[in-house]
Each structure stands twice: as C-alpha cells, then as structure tokens.
Amino acid sequence: MTCDDFKVARLFLAVFPPVDVVEQLGELERPEVEGLRWTNREQWHITLRFFGEAEQGDVEDSLREFRGAAPTVLLGPASRWLGGRVLALPADGLDELAVEVRARTETIGQAPDRRKFTGHLTLARTRRRLHGAVVSQPFDAQFKAAELWLVSSQLHSDGARYTKLSHWPLGEGG
C-alpha cells in the first residue's frame, strides 16, 4: 500500500500496538503538569528508524522484498524518563527488526543513530526537565508486532500528526 501524495516529508518506520494494548495504555494516569505534553492514542508507536526529510519511494524501494518476522513486543514494566525530557515505556523484543531495517535503509534520509536501539513508546514530552513531577507508573503488556509501517510526521503546535503511508506485514519466521 502506498500514498503518492507525499514525496519529501519527515518519515519514520514504526510498529503500532494493537487496539487492546492501546486501551490498556489509555488507562494510565495522565496528571496535568505544567510544561508536560501527553501523547495521544494516534501517536502511540515504537519507532525503529527515523529518517527526517526523505523520499517515500526511496524507503519503499529499500524494503520492497522485506519479509520480517513478527516479534513479540514487551511493554513495561514501568514508565521512565529518557534523557530527562521524554516519559516512555520500555519496549523490548524489536532489536533484530530494528537492526535489519537500519541495514536496509542506511543511505536514506539522515544517518541512522549508531547507538544501540532502545525500543520505547513515548507517553509524554517536555521542553525542560521535570524532576519528580511525574512518577513512574507500572505497566505490563505484550503483543505480536503484526506490521511495519512507514509514517509521515507533520509537526503542529499541539503535537505531531501522523499519516500511515505504507506497510509490510510481519510473519512467523520472516
């Protein structure tokens, strides 16, 4: 599946949790804290590779013959701060998929991050550190990653809006 409406855009590859996990995420407390912007259901995903400005066709071409395995994703055991400005849930189980995606798309968009992949689902963001303003919340869920999605991100004053452009089914054994 493709959408020809987007040529050069801010793109990323991601896995989205299924509806039952999204419902469980929706039950987490979201206290109002000055300077903290909570993400919404449409934004909940795990990024495997961020491209920045890139051509949709280049990404699709690099993954044309892609047949990835459907890994089990473990979310939790609790939310935590990443870098002091992102409140996230750890997401384990996507390392091999992230490595393969990075290898296939290495020359597209901005250079891939060379640090070890750290899977996470962002719950909230802040421009400044909020020490102790939001405490860790326990969370425990797992799901099979069914699809890899190419997503376009448009920045707005109330946060990013995503458009799913293309997808690749993930299956048993890759």
# chains A, B, ... in the order shown; residues from 1 in each chain; ligands from 1
$ residues_around --residues "Leu82 in chain A" --least-positions-apart "5" --cutoff "12 Å" --atoms "only C-alpha atoms" --output "list in words"
Leu87, Ala88, Leu89, Pro90, Thr118, Gly119, His120, Leu121, Thr122, Leu123, Ala124, Arg125, Thr126, Arg129, Leu130 and Ser136 of chain A
$ residues_around --residues "Gly109 in chain A" --least-positions-apart "5" --cutoff "6 Å" --atoms "only C-alpha atoms" --output "ChimeraX atom specification"
/A:51-54
$ closest_residue --among "A:Glu106, A:Asp61, A:Glu147, A:Glu42" --to "Val15 in chain A" --atoms "only C-alpha atoms"
A:Glu147
$ closest_residue --among "A:Val73, A:Thr105, A:Pro17, A:Val86" --to "Thr39 in chain A" --atoms "only C-alpha atoms"
A:Val86
$ atom_distance --atom1 "CA of Glu27 in chain A" --atom2 "CA of Arg49 in chain A"
27.8 Å
$ atom_distance --atom1 "CA of Gln110 in chain A" --atom2 "CA of Gly171 in chain A"
28.5 Å
